[in-house]
Amino acid sequence: MTDSQTTDVHAHPPLSTDAEPQGDLCIRTLAMPADTNANGDIFGGWLLSQMDVGGGVFASKVAKSRTVTVAIDAMNFRKPVYVGDLVSVHATLVRLGRTSITVHLEAWVLRRRAQQAILVTDGNFTYVSIDEHGQPQPIQRDGATITT
Ligand SMILES: CCCCCCCCCCCCCCCC(=O)SCCNC(=O)CCNC(=O)[C@H](O)C(C)(C)COP(=O)(O)OP(=O)(O)OC[C@H]1O[C@@H](n2cnc3c(N)ncnc32)[C@H](O)[C@@H]1OP(=O)(O)O
């Protein structure tokens, strides 16, 4: 993996119902009544935080250190999430910088009684590897394949 290596992830790819989740499963949870907005649907902020945690786990494994979120880009909210939906977040490494890691995150839901999961949100989250003082630190590259 080099500084310039990238995965071709479009900012606003078309929604395909035939598509499969891309990347590693990094978190799976159930949307609960406490996570709803005034319309009774699931808060976008709740979903964003699930994606952030999933991406943070993925980035911390890649960096082998603590990481913090520095930016969220190209966020798409494509479909609503409902109470009872099973939410799965998948992560793909987009860019490995000196101290930062950009991860493409997709959230898919399996609705009650549905057979097939659908893509509800996606975006690019950037994390920075930090030391014990909260300062950016270079990501160790041992040349080994990154496994998450
Ligand atoms: C061991 C395995 C365990 C696994 C199992 C445990 C896992 C456990 C997971 C928990 C998962 C929690 C996930 C929630 C994580 C939060 O919620 S973190 C809380 C929210 N975030 C924050 O509070 C961060 C606040 N910001 C900061 O502290 C500082 O801005 C930072 C992030 C340390 C950066 O400091 P700085 O001095 O601005 O750094 P600077 O050198 O300018 O830039 C550093 C890098 O960031 C990049 N950057 C800076 N700004 C941007 C930007 N806007 N856009 C893109 N890149 C940027 C720079 O390009 C640079 O990249 P490199 O070229 O080095 O690759």
# chains A, B, ... in the order shown; residues from 1 in each chain; ligands from 1
call {"tool": "residues_around", "arguments": {"residues": "Phe77 of chain A", "least_positions_apart": "6", "cutoff": "8 Å", "atoms": "only C-alpha atoms", "output": "PyMOL selection string"}}
result
chain A and resi 44+120-122
call {"tool": "residues_near_ligand", "arguments": {"ligand": "ligand 1", "cutoff": "8 Å", "atoms": "only C-alpha atoms and all ligand atoms", "output": "PyMOL selection string"}}
result
chain A and resi 49+52-72+96-102+126-130+134-138
call {"tool": "closest_residue", "arguments": {"among": "A:Glu132, A:Asn124, A:Thr29, A:Gln22", "to": "Arg95 of chain A", "atoms": "only C-alpha atoms"}}
result
A:Asn124
call {"tool": "residues_around", "arguments": {"residues": "Phe43 of chain A", "least_positions_apart": "5", "cutoff": "12 Å", "atoms": "only C-alpha atoms", "output": "number ranges by chain"}}
result
A: 31-38, 48-50, 77, 79-83
call {"tool": "closest_atom_pairs", "arguments": {"of": "segment 28-103 of chain A", "to": "segment 107-117 of chain A", "cutoff": "8 Å", "atoms": "only C-alpha atoms", "output": "JSON lines"}}
result
{"residue": "A:Met51", "atom": "CA", "partner": "A:Ala107", "partner_atom": "CA", "distance": 7.0}
{"residue": "A:Val81", "atom": "CA", "partner": "A:Val109", "partner_atom": "CA", "distance": 7.4}
{"residue": "A:Tyr82", "atom": "CA", "partner": "A:Arg111", "partner_atom": "CA", "distance": 7.8}
{"residue": "A:Gly84", "atom": "CA", "partner": "A:Arg112", "partner_atom": "CA", "distance": 6.5}
{"residue": "A:Asp85", "atom": "CA", "partner": "A:Arg111", "partner_atom": "CA", "distance": 4.6}
{"residue": "A:Leu86", "atom": "CA", "partner": "A:Leu110", "partner_atom": "CA", "distance": 5.1}
{"residue": "A:Val87", "atom": "CA", "partner": "A:Val109", "partner_atom": "CA", "distance": 4.6}
{"residue": "A:Ser88", "atom": "CA", "partner": "A:Trp108", "partner_atom": "CA", "distance": 5.3}
{"residue": "A:Val89", "atom": "CA", "partner": "A:Ala107", "partner_atom": "CA", "distance": 4.4}
{"residue": "A:His90", "atom": "CA", "partner": "A:Ala107", "partner_atom": "CA", "distance": 6.5}
call {"tool": "select_by_dssp", "arguments": {"residues": "chain A", "states": "alpha helix (DSSP H)", "output": "VMD selection string"}}
result
chain A and resid 44 to 63
call {"tool": "atom_distance", "arguments": {"atom1": "atom CA of Leu93 of chain A", "atom2": "atom CA of Arg28 of chain A"}}
result
18.6 Å
call {"tool": "closest_residue", "arguments": {"among": "A:Glu106, A:Gln140, A:Gly40, A:Phe125", "to": "Ala19 of chain A", "atoms": "only C-alpha atoms"}}
result
A:Glu106
call {"tool": "decode", "arguments": {"residues": "segment 23-58 of chain A", "atoms": "N, CA and C atoms", "output": "mmCIF file, in the first residue's frame"}}
result
data_model
loop_
_atom_site.group_PDB
_atom_site.id
_atom_site.type_symbol
_atom_site.label_atom_id
_atom_site.label_comp_id
_atom_site.auth_asym_id
_atom_site.auth_seq_id
_atom_site.Cartn_x
_atom_site.Cartn_y
_atom_site.Cartn_z
ATOM 1 N N GLY A 23 -16.747 -4.274 1.119
ATOM 2 C CA GLY A 23 -15.815 -4.114 2.231
ATOM 3 C C GLY A 23 -16.088 -5.030 3.406
ATOM 4 N N ASP A 24 -15.298 -4.797 4.468
ATOM 5 C CA ASP A 24 -15.369 -5.630 5.669
ATOM 6 C C ASP A 24 -16.533 -5.213 6.556
ATOM 7 N N LEU A 25 -17.259 -6.186 7.074
ATOM 8 C CA LEU A 25 -18.292 -5.892 8.074
ATOM 9 C C LEU A 25 -17.591 -5.424 9.348
ATOM 10 N N CYS A 26 -17.910 -4.199 9.814
ATOM 11 C CA CYS A 26 -17.215 -3.727 11.018
ATOM 12 C C CYS A 26 -18.150 -3.449 12.181
ATOM 13 N N ILE A 27 -19.454 -3.373 11.954
ATOM 14 C CA ILE A 27 -20.388 -3.237 13.072
ATOM 15 C C ILE A 27 -21.769 -3.681 12.590
ATOM 16 N N ARG A 28 -22.522 -4.297 13.516
ATOM 17 C CA ARG A 28 -23.904 -4.696 13.191
ATOM 18 C C ARG A 28 -24.749 -4.439 14.425
ATOM 19 N N THR A 29 -25.879 -3.756 14.249
ATOM 20 C CA THR A 29 -26.716 -3.406 15.391
ATOM 21 C C THR A 29 -28.164 -3.295 14.944
ATOM 22 N N LEU A 30 -29.051 -3.181 15.927
ATOM 23 C CA LEU A 30 -30.484 -3.108 15.646
ATOM 24 C C LEU A 30 -30.984 -1.698 15.913
ATOM 25 N N ALA A 31 -31.745 -1.130 14.988
ATOM 26 C CA ALA A 31 -32.331 0.202 15.181
ATOM 27 C C ALA A 31 -33.492 0.095 16.170
ATOM 28 N N MET A 32 -33.412 0.878 17.243
ATOM 29 C CA MET A 32 -34.366 0.759 18.355
ATOM 30 C C MET A 32 -35.267 1.994 18.434
ATOM 31 N N PRO A 33 -36.395 1.896 19.139
ATOM 32 C CA PRO A 33 -37.307 3.039 19.268
ATOM 33 C C PRO A 33 -36.629 4.292 19.837
ATOM 34 N N ALA A 34 -35.655 4.114 20.736
ATOM 35 C CA ALA A 34 -34.972 5.274 21.342
ATOM 36 C C ALA A 34 -34.164 6.068 20.318
ATOM 37 N N ASP A 35 -33.943 5.502 19.124
ATOM 38 C CA ASP A 35 -33.111 6.159 18.111
ATOM 39 C C ASP A 35 -33.938 6.919 17.073
ATOM 40 N N THR A 36 -35.232 7.115 17.348
ATOM 41 C CA THR A 36 -36.101 7.729 16.334
ATOM 42 C C THR A 36 -36.120 9.246 16.411
ATOM 43 N N ASN A 37 -36.509 9.854 15.277
ATOM 44 C CA ASN A 37 -36.729 11.298 15.214
ATOM 45 C C ASN A 37 -38.225 11.582 15.372
ATOM 46 N N ALA A 38 -38.595 12.848 15.180
ATOM 47 C CA ALA A 38 -39.990 13.245 15.404
ATOM 48 C C ALA A 38 -40.949 12.585 14.408
ATOM 49 N N ASN A 39 -40.439 12.091 13.283
ATOM 50 C CA ASN A 39 -41.283 11.401 12.303
ATOM 51 C C ASN A 39 -41.462 9.921 12.623
ATOM 52 N N GLY A 40 -40.711 9.454 13.618
ATOM 53 C CA GLY A 40 -40.784 8.026 13.947
ATOM 54 C C GLY A 40 -39.778 7.186 13.190
ATOM 55 N N ASP A 41 -38.996 7.820 12.281
ATOM 56 C CA ASP A 41 -37.918 7.108 11.586
ATOM 57 C C ASP A 41 -36.638 7.255 12.406
ATOM 58 N N ILE A 42 -35.599 6.534 11.990
ATOM 59 C CA ILE A 42 -34.337 6.578 12.731
ATOM 60 C C ILE A 42 -33.571 7.864 12.390
ATOM 61 N N PHE A 43 -33.045 8.520 13.426
ATOM 62 C CA PHE A 43 -32.241 9.733 13.272
ATOM 63 C C PHE A 43 -31.051 9.486 12.345
ATOM 64 N N GLY A 44 -30.814 10.438 11.433
ATOM 65 C CA GLY A 44 -29.614 10.363 10.606
ATOM 66 C C GLY A 44 -28.359 10.425 11.457
ATOM 67 N N GLY A 45 -28.411 11.204 12.532
ATOM 68 C CA GLY A 45 -27.241 11.331 13.405
ATOM 69 C C GLY A 45 -26.887 10.028 14.098
ATOM 70 N N TRP A 46 -27.915 9.241 14.429
ATOM 71 C CA TRP A 46 -27.641 7.931 15.052
ATOM 72 C C TRP A 46 -26.912 7.034 14.063
ATOM 73 N N LEU A 47 -27.400 7.052 12.828
ATOM 74 C CA LEU A 47 -26.783 6.212 11.800
ATOM 75 C C LEU A 47 -25.344 6.656 11.533
ATOM 76 N N LEU A 48 -25.175 7.986 11.470
ATOM 77 C CA LEU A 48 -23.829 8.545 11.255
ATOM 78 C C LEU A 48 -22.877 8.085 12.363
ATOM 79 N N SER A 49 -23.369 8.079 13.605
ATOM 80 C CA SER A 49 -22.495 7.690 14.711
ATOM 81 C C SER A 49 -22.157 6.201 14.646
ATOM 82 N N GLN A 50 -23.109 5.368 14.184
ATOM 83 C CA GLN A 50 -22.794 3.938 14.011
ATOM 84 C C GLN A 50 -21.693 3.767 12.966
ATOM 85 N N MET A 51 -21.812 4.529 11.873
ATOM 86 C CA MET A 51 -20.801 4.452 10.814
ATOM 87 C C MET A 51 -19.449 4.933 11.341
ATOM 88 N N ASP A 52 -19.479 6.003 12.142
ATOM 89 C CA ASP A 52 -18.232 6.562 12.695
ATOM 90 C C ASP A 52 -17.541 5.545 13.594
ATOM 91 N N VAL A 53 -18.315 4.868 14.436
ATOM 92 C CA VAL A 53 -17.727 3.857 15.321
ATOM 93 C C VAL A 53 -17.156 2.697 14.489
ATOM 94 N N GLY A 54 -17.937 2.228 13.523
ATOM 95 C CA GLY A 54 -17.462 1.127 12.673
ATOM 96 C C GLY A 54 -16.193 1.504 11.929
ATOM 97 N N GLY A 55 -16.176 2.709 11.362
ATOM 98 C CA GLY A 55 -14.980 3.178 10.645
ATOM 99 C C GLY A 55 -13.811 3.373 11.591
ATOM 100 N N GLY A 56 -14.113 3.810 12.830
ATOM 101 C CA GLY A 56 -13.053 4.001 13.823
ATOM 102 C C GLY A 56 -12.415 2.680 14.231
ATOM 103 N N VAL A 57 -13.226 1.646 14.366
ATOM 104 C CA VAL A 57 -12.693 0.314 14.671
ATOM 105 C C VAL A 57 -11.792 -0.146 13.531
ATOM 106 N N PHE A 58 -12.288 0.018 12.305
ATOM 107 C CA PHE A 58 -11.507 -0.394 11.122
ATOM 108 C C PHE A 58 -10.189 0.383 11.061
#
